[in-house]
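Dumped query08.cif below, it's mmCIF, C-alpha atoms:
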data_protein
loop_
_atom_site.label_atom_id
_atom_site.label_comp_id
_atom_site.auth_asym_id
_atom_site.auth_seq_id
_atom_site.Cartn_x
_atom_site.Cartn_y
_atom_site.Cartn_z
CA GLU A 1 -11.98 -11.60 -8.70
CA LEU A 2 -10.31 -10.28 -5.57
CA LYS A 3 -11.85 -6.94 -4.71
CA VAL A 4 -11.65 -4.56 -1.78
CA GLU A 5 -14.11 -1.72 -1.50
CA GLN A 6 -14.05 1.17 0.91
CA ASN A 7 -16.67 3.71 1.71
CA PRO A 8 -16.97 6.53 1.87
CA LEU A 9 -14.32 7.66 -0.61
CA PHE A 10 -14.32 11.15 0.83
CA LEU A 11 -15.22 12.17 4.35
CA SER A 12 -15.30 15.64 5.79
CA MET A 13 -16.08 15.81 9.45
CA GLN A 14 -15.94 18.26 12.28
CA GLU A 15 -13.51 18.02 15.13
CA GLY A 16 -14.94 16.18 18.09
CA LYS A 17 -17.32 14.00 16.05
CA ASN A 18 -17.29 10.24 15.63
CA TYR A 19 -17.36 8.38 12.35
CA THR A 20 -16.71 4.99 10.77
CA ILE A 21 -14.96 3.93 7.57
CA TYR A 22 -16.05 0.62 6.07
CA CYS A 23 -14.01 -1.93 4.16
CA ASN A 24 -15.71 -4.81 2.35
CA TYR A 25 -13.88 -7.55 0.52
CA SER A 26 -14.92 -10.14 -1.99
CA THR A 27 -13.76 -13.50 -0.68
CA THR A 28 -12.47 -15.28 2.38
CA SER A 29 -9.59 -13.73 4.28
CA ASP A 30 -8.56 -13.54 7.90
CA ARG A 31 -5.75 -11.05 7.43
CA LEU A 32 -6.51 -7.38 6.98
CA TYR A 33 -4.42 -4.24 7.36
CA TRP A 34 -5.18 -0.58 7.81
CA TYR A 35 -2.71 2.04 6.57
CA ARG A 36 -2.55 5.80 6.77
CA GLN A 37 -1.08 7.95 4.02
CA ASP A 38 -0.36 11.66 4.33
CA PRO A 39 -0.08 13.73 1.14
CA GLY A 40 3.18 13.02 -0.65
CA LYS A 41 4.18 10.42 1.93
CA SER A 42 4.39 6.66 2.06
CA LEU A 43 2.09 4.24 3.86
CA GLU A 44 2.15 4.02 7.62
CA SER A 45 0.87 0.83 9.20
CA LEU A 46 -1.95 1.40 11.70
CA PHE A 47 -3.45 -2.00 12.48
CA VAL A 48 -3.00 -5.65 11.64
CA LEU A 49 -6.14 -7.77 12.12
CA LEU A 50 -5.50 -11.50 12.00
CA SER A 51 -8.68 -13.27 13.07
CA ASN A 52 -12.43 -13.05 13.18
CA GLY A 53 -13.57 -10.69 15.90
CA ALA A 54 -10.18 -9.01 16.20
CA VAL A 55 -10.32 -5.51 17.61
CA LYS A 56 -7.36 -3.15 17.90
CA GLN A 57 -7.29 0.36 19.32
CA GLU A 58 -4.69 3.10 19.20
CA GLY A 59 -5.60 6.52 20.48
CA ARG A 60 -8.74 7.77 18.75
CA LEU A 61 -8.74 4.97 16.18
CA MET A 62 -10.25 1.53 16.59
CA ALA A 63 -10.34 -1.21 13.96
CA SER A 64 -12.34 -4.41 13.90
CA LEU A 65 -12.68 -7.43 11.64
CA ASP A 66 -15.69 -9.62 10.91
CA THR A 67 -14.50 -12.36 8.58
CA LYS A 68 -17.94 -13.90 8.20
CA ALA A 69 -19.37 -10.64 6.91
CA ARG A 70 -16.12 -9.90 5.04
CA LEU A 71 -16.13 -6.50 6.67
CA SER A 72 -13.69 -4.35 8.59
CA THR A 73 -14.39 -1.02 10.18
CA LEU A 74 -12.13 1.83 11.23
CA HIS A 75 -13.85 3.93 13.87
CA ILE A 76 -12.72 7.44 14.67
CA THR A 77 -13.63 8.85 18.06
CA ALA A 78 -13.69 12.58 18.79
CA ALA A 79 -11.78 13.47 15.66
CA VAL A 80 -8.89 15.92 15.76
CA HIS A 81 -7.22 17.77 12.89
CA ASP A 82 -4.11 15.57 13.03
CA LEU A 83 -6.17 12.63 11.81
CA SER A 84 -6.66 14.24 8.39
CA ALA A 85 -5.14 11.80 5.88
CA THR A 86 -6.08 9.07 3.42
CA TYR A 87 -6.83 5.71 5.01
CA PHE A 88 -6.47 2.43 3.13
CA CYS A 89 -7.53 -1.04 4.04
CA ALA A 90 -5.64 -3.90 2.42
CA VAL A 91 -6.50 -7.59 2.37
CA ASP A 92 -4.22 -10.59 2.14
CA PHE A 93 -6.26 -13.25 0.34
CA GLY A 94 -3.92 -15.98 1.48
CA ASN A 95 -1.05 -15.43 -0.92
CA GLU A 96 0.98 -12.85 1.05
CA LYS A 97 0.05 -10.18 -1.47
CA LEU A 98 -2.04 -7.19 -0.54
CA THR A 99 -5.07 -5.99 -2.45
CA PHE A 100 -5.79 -2.41 -1.50
CA GLY A 101 -9.06 -0.57 -1.28
CA THR A 102 -9.59 2.71 -3.07
CA GLY A 103 -8.85 4.71 0.06
CA THR A 104 -10.90 7.15 2.14
CA ARG A 105 -9.73 10.73 2.12
CA LEU A 106 -10.54 12.13 5.54
CA THR A 107 -10.60 15.84 6.25
CA ILE A 108 -11.17 17.09 9.77
CA ILE A 109 -12.63 20.58 9.94
CA PRO A 110 -11.96 22.71 13.01
CA GLU B 111 16.20 -0.85 12.80
CA ALA B 112 16.47 0.93 9.49
CA GLY B 113 13.38 1.00 7.31
CA VAL B 114 12.94 0.30 3.62
CA ALA B 115 15.13 2.61 1.56
CA GLN B 116 14.34 3.77 -1.96
CA SER B 117 16.03 6.02 -4.47
CA PRO B 118 15.65 8.30 -6.20
CA ARG B 119 12.76 10.03 -4.46
CA TYR B 120 11.72 11.94 -7.55
CA LYS B 121 12.32 11.44 -11.26
CA ILE B 122 11.13 13.34 -14.31
CA ILE B 123 11.69 11.83 -17.74
CA GLU B 124 10.30 12.18 -21.22
CA LYS B 125 8.19 9.46 -22.78
CA ARG B 126 10.15 6.71 -24.48
CA GLN B 127 13.09 7.22 -22.12
CA SER B 128 14.15 4.59 -19.63
CA VAL B 129 14.31 4.82 -15.84
CA ALA B 130 15.38 2.61 -12.95
CA PHE B 131 14.41 2.58 -9.30
CA TRP B 132 16.31 1.02 -6.43
CA CYS B 133 15.07 -0.53 -3.21
CA ASN B 134 16.86 -1.82 -0.13
CA PRO B 135 14.52 -3.75 2.17
CA ILE B 136 14.64 -4.10 5.92
CA SER B 137 17.54 -6.33 6.92
CA GLY B 138 16.52 -9.97 7.05
CA HIS B 139 13.25 -9.54 5.18
CA ALA B 140 13.03 -12.28 2.60
CA THR B 141 9.99 -11.00 0.75
CA LEU B 142 10.10 -7.84 -1.34
CA TYR B 143 7.28 -6.17 -3.25
CA TRP B 144 7.01 -3.41 -5.83
CA TYR B 145 3.73 -1.48 -6.02
CA GLN B 146 2.52 1.20 -8.40
CA GLN B 147 0.29 3.92 -6.94
CA ILE B 148 -1.41 6.19 -9.43
CA LEU B 149 -2.64 9.49 -8.03
CA GLY B 150 -5.94 9.07 -6.20
CA GLN B 151 -5.79 5.27 -6.15
CA GLY B 152 -4.62 2.52 -3.84
CA PRO B 153 -1.29 0.81 -4.49
CA LYS B 154 -1.33 -2.03 -7.03
CA LEU B 155 1.13 -4.89 -6.78
CA LEU B 156 3.54 -5.21 -9.70
CA ILE B 157 5.87 -7.97 -8.56
CA GLN B 158 6.68 -10.06 -5.49
CA PHE B 159 10.06 -11.65 -4.74
CA GLN B 160 10.91 -14.33 -2.21
CA ASN B 161 14.66 -14.08 -1.67
CA ASN B 162 15.94 -13.75 -5.25
CA GLY B 163 13.09 -15.63 -6.91
CA VAL B 164 9.92 -14.19 -8.44
CA VAL B 165 6.74 -15.36 -6.70
CA ASP B 166 4.24 -13.35 -8.72
CA ASP B 167 4.70 -10.96 -11.61
CA SER B 168 1.27 -11.43 -13.15
CA GLN B 169 0.48 -7.71 -13.04
CA LEU B 170 3.85 -6.50 -14.32
CA PRO B 171 3.65 -5.09 -17.88
CA LYS B 172 6.51 -7.20 -19.10
CA ASP B 173 6.80 -5.50 -22.46
CA ARG B 174 8.25 -2.45 -20.73
CA PHE B 175 8.79 -3.23 -17.05
CA SER B 176 11.45 -5.48 -15.58
CA ALA B 177 12.65 -6.16 -12.06
CA GLU B 178 15.40 -8.12 -10.45
CA ARG B 179 16.69 -9.04 -7.02
CA LEU B 180 19.96 -10.72 -7.82
CA LYS B 181 21.40 -11.45 -4.38
CA GLY B 182 18.13 -11.68 -2.50
CA VAL B 183 18.58 -8.26 -0.91
CA ASP B 184 18.44 -5.08 -3.03
CA SER B 185 16.07 -4.83 -5.96
CA THR B 186 15.76 -2.67 -9.05
CA LEU B 187 12.67 -1.91 -11.10
CA LYS B 188 13.17 -0.66 -14.64
CA ILE B 189 10.83 0.88 -17.17
CA GLN B 190 11.88 0.97 -20.81
CA PRO B 191 10.42 2.77 -22.71
CA ALA B 192 8.28 4.88 -20.41
CA LYS B 193 4.77 5.99 -21.32
CA LEU B 194 2.75 8.90 -20.00
CA GLU B 195 0.50 6.51 -18.06
CA ASP B 196 3.50 5.27 -16.07
CA SER B 197 3.45 8.50 -14.07
CA ALA B 198 2.90 7.29 -10.53
CA VAL B 199 4.57 6.65 -7.20
CA TYR B 200 6.50 3.39 -7.10
CA LEU B 201 6.54 1.89 -3.64
CA CYS B 202 8.78 -0.84 -2.39
CA ALA B 203 7.79 -2.94 0.61
CA SER B 204 9.32 -5.85 2.48
CA SER B 205 8.09 -8.44 4.92
CA SER B 206 9.26 -11.31 7.06
CA ALA B 207 7.59 -14.39 8.42
CA ARG B 208 9.07 -13.43 11.80
CA THR B 209 6.88 -10.31 11.87
CA ILE B 210 3.61 -11.98 10.84
CA ARG B 211 4.33 -11.02 7.23
CA GLU B 212 3.31 -7.42 7.83
CA GLN B 213 4.52 -5.29 4.94
CA TYR B 214 6.65 -2.23 5.63
CA PHE B 215 6.74 0.41 2.96
CA GLY B 216 9.54 2.65 1.76
CA PRO B 217 9.12 6.38 1.02
CA GLY B 218 8.45 5.74 -2.67
CA THR B 219 9.75 7.18 -5.94
CA ARG B 220 7.53 9.71 -7.64
CA LEU B 221 7.86 9.34 -11.42
CA THR B 222 6.60 11.98 -13.83
CA VAL B 223 6.64 11.13 -17.53
CA THR B 224 6.24 14.15 -19.82
#
I'd like the structure from this file rewritten - as structure tokens, please.
Amino acid sequence: ELKVEQNPLFLSMQEGKNYTIYCNYSTTSDRLYWYRQDPGKSLESLFVLLSNGAVKQEGRLMASLDTKARLSTLHITAAVHDLSATYFCAVDFGNEKLTFGTGTRLTIIP
Amino acid sequence: EAGVAQSPRYKIIEKRQSVAFWCNPISGHATLYWYQQILGQGPKLLIQFQNNGVVDDSQLPKDRFSAERLKGVDSTLKIQPAKLEDSAVYLCASSSARTIREQYFGPGTRLTVT
């Protein structure tokens, strides 16, 4: 079965702190996506990770992919309120269809 | 470049009624997807089209859901008859091999079945 698991499901953190969201998946893939979703909005693409060891950074967010461990991380550096949202990882298991994780609802507290 | 367009944005219907959603993908994108996102969950794929052909509809509840993409561009998703558990956001996405098959999502249609 193709499964994608994220943890934590909920994350409340203070501004200025660092934290990491984890995404584990069940079987081989070298194509993983991170999306952001604001309440009532659609999905905004953040990162596309296409190979083992891939690392992408945009502002305070950095994503990495370890295909051998079947693990991706989304690291948040010095969080600011604007980063409050739900973050999804999604895996393409080789069939051009995405299997999404459960999402991590991130709340940044001033 | 215009993004993925969907309409309507919101729809409220009673159970057992029918409803249809429309999607216009990004120009030139051959692959089109419909996802269902229930509140508090990640999107779940319902159907995938390549041009006007169905690639995968294994998770589409075919007793009540149908979808078509007649000319390989626009697509419609229909529910008939609707059930309470169909309340969700229906997202359309499109992708192209020219853009590493990254999926771009539309704004979604929020369906409430009462």
Enumerate, as an NGL selection string, the residues matched when the PyMOL selection byres ((chain B) within 7 of (chain A)) is run on the file above. :B and (151-153 or 215-218)
Separation of atom CA of Asp167 of chain B and atom CA of Trp144 of chain B, in Å? 9.8 Å
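With distances restricted to all atoms listed in the file, B:Ala203 is the closest residue to Gly113 of chain B from B:Ala192, B:Val129, B:Ala203, B:Ile157.
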Could you pull the residues within 12 Å of Asp173 of chain B, counting only C-alpha atoms, minus those fewer than 3 positions along the same chain, as an MDAnalysis selection string? chainID B and resid 169:170 176:177 188:193
Write out as JSON, numbers by chain the residues lying within 9 Å of Arg179 of chain B, counting only C-alpha atoms and excluding same-chain residues fewer than 3 positions away. {"B": [142, 159, 161, 162, 163, 164, 182, 183, 184, 185, 186]}
Please output segment 13-43 of chain A, rebuilt to include N, CA and C atoms, as a CSV table (one decimal), in the frame of the given file.
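Printed below is out_11.csv as written:
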chain,number,residue,atom,x,y,z
A,13,MET,N,-15.4,15.8,8.2
A,13,MET,CA,-16.1,15.8,9.4
A,13,MET,C,-15.5,16.9,10.4
A,14,GLN,N,-16.3,17.2,11.3
A,14,GLN,CA,-15.9,18.3,12.3
A,14,GLN,C,-15.1,17.7,13.4
A,15,GLU,N,-14.2,18.5,14.0
A,15,GLU,CA,-13.5,18.0,15.1
A,15,GLU,C,-14.5,17.6,16.2
A,16,GLY,N,-14.1,16.6,17.0
A,16,GLY,CA,-14.9,16.2,18.1
A,16,GLY,C,-16.0,15.2,17.8
A,17,LYS,N,-16.3,15.0,16.5
A,17,LYS,CA,-17.3,14.0,16.0
A,17,LYS,C,-16.7,12.6,15.9
A,18,ASN,N,-17.7,11.6,15.8
A,18,ASN,CA,-17.3,10.2,15.6
A,18,ASN,C,-17.7,9.8,14.2
A,19,TYR,N,-16.9,8.9,13.6
A,19,TYR,CA,-17.4,8.4,12.4
A,19,TYR,C,-16.7,7.0,12.1
A,20,THR,N,-17.2,6.3,11.1
A,20,THR,CA,-16.7,5.0,10.8
A,20,THR,C,-16.4,4.9,9.3
A,21,ILE,N,-15.3,4.3,9.0
A,21,ILE,CA,-15.0,3.9,7.6
A,21,ILE,C,-15.1,2.4,7.4
A,22,TYR,N,-15.7,2.0,6.3
A,22,TYR,CA,-16.0,0.6,6.1
A,22,TYR,C,-15.2,0.0,5.0
A,23,CYS,N,-14.8,-1.2,5.1
A,23,CYS,CA,-14.0,-1.9,4.2
A,23,CYS,C,-14.6,-3.3,3.9
A,24,ASN,N,-15.1,-3.5,2.7
A,24,ASN,CA,-15.7,-4.8,2.4
A,24,ASN,C,-14.8,-5.5,1.4
A,25,TYR,N,-14.7,-6.8,1.5
A,25,TYR,CA,-13.9,-7.6,0.5
A,25,TYR,C,-14.6,-8.8,0.0
A,26,SER,N,-14.1,-9.3,-1.1
A,26,SER,CA,-14.9,-10.1,-2.0
A,26,SER,C,-14.9,-11.6,-1.6
A,27,THR,N,-13.8,-12.1,-1.0
A,27,THR,CA,-13.8,-13.5,-0.7
A,27,THR,C,-13.0,-13.7,0.6
A,28,THR,N,-13.0,-14.9,1.0
A,28,THR,CA,-12.5,-15.3,2.4
A,28,THR,C,-11.1,-14.8,2.6
A,29,SER,N,-10.9,-14.1,3.8
A,29,SER,CA,-9.6,-13.7,4.3
A,29,SER,C,-9.7,-13.5,5.8
A,30,ASP,N,-8.6,-13.8,6.5
A,30,ASP,CA,-8.6,-13.5,7.9
A,30,ASP,C,-7.3,-12.7,8.2
A,31,ARG,N,-6.9,-11.9,7.2
A,31,ARG,CA,-5.8,-11.0,7.4
A,31,ARG,C,-6.0,-9.7,6.7
A,32,LEU,N,-6.2,-8.7,7.5
A,32,LEU,CA,-6.5,-7.4,7.0
A,32,LEU,C,-5.7,-6.3,7.7
A,33,TYR,N,-5.3,-5.3,6.9
A,33,TYR,CA,-4.4,-4.2,7.4
A,33,TYR,C,-5.1,-2.9,7.1
A,34,TRP,N,-4.8,-2.0,8.0
A,34,TRP,CA,-5.2,-0.6,7.8
A,34,TRP,C,-3.9,0.3,7.8
A,35,TYR,N,-3.9,1.2,6.7
A,35,TYR,CA,-2.7,2.0,6.6
A,35,TYR,C,-3.2,3.5,6.5
A,36,ARG,N,-2.3,4.4,6.9
A,36,ARG,CA,-2.6,5.8,6.8
A,36,ARG,C,-1.5,6.4,5.8
A,37,GLN,N,-2.0,7.3,5.0
A,37,GLN,CA,-1.1,8.0,4.0
A,37,GLN,C,-1.3,9.5,4.0
A,38,ASP,N,-0.3,10.2,4.4
A,38,ASP,CA,-0.4,11.7,4.3
A,38,ASP,C,0.1,12.1,2.9
A,39,PRO,N,-0.4,13.3,2.5
A,39,PRO,CA,-0.1,13.7,1.1
A,39,PRO,C,1.4,13.7,0.8
A,40,GLY,N,1.8,13.1,-0.3
A,40,GLY,CA,3.2,13.0,-0.6
A,40,GLY,C,4.0,12.1,0.2
A,41,LYS,N,3.4,11.3,1.0
A,41,LYS,CA,4.2,10.4,1.9
A,41,LYS,C,3.9,9.0,1.6
A,42,SER,N,4.6,8.1,2.2
A,42,SER,CA,4.4,6.7,2.1
A,42,SER,C,3.3,6.2,3.0
A,43,LEU,N,3.1,4.9,3.1
A,43,LEU,CA,2.1,4.2,3.9
A,43,LEU,C,2.6,3.9,5.3
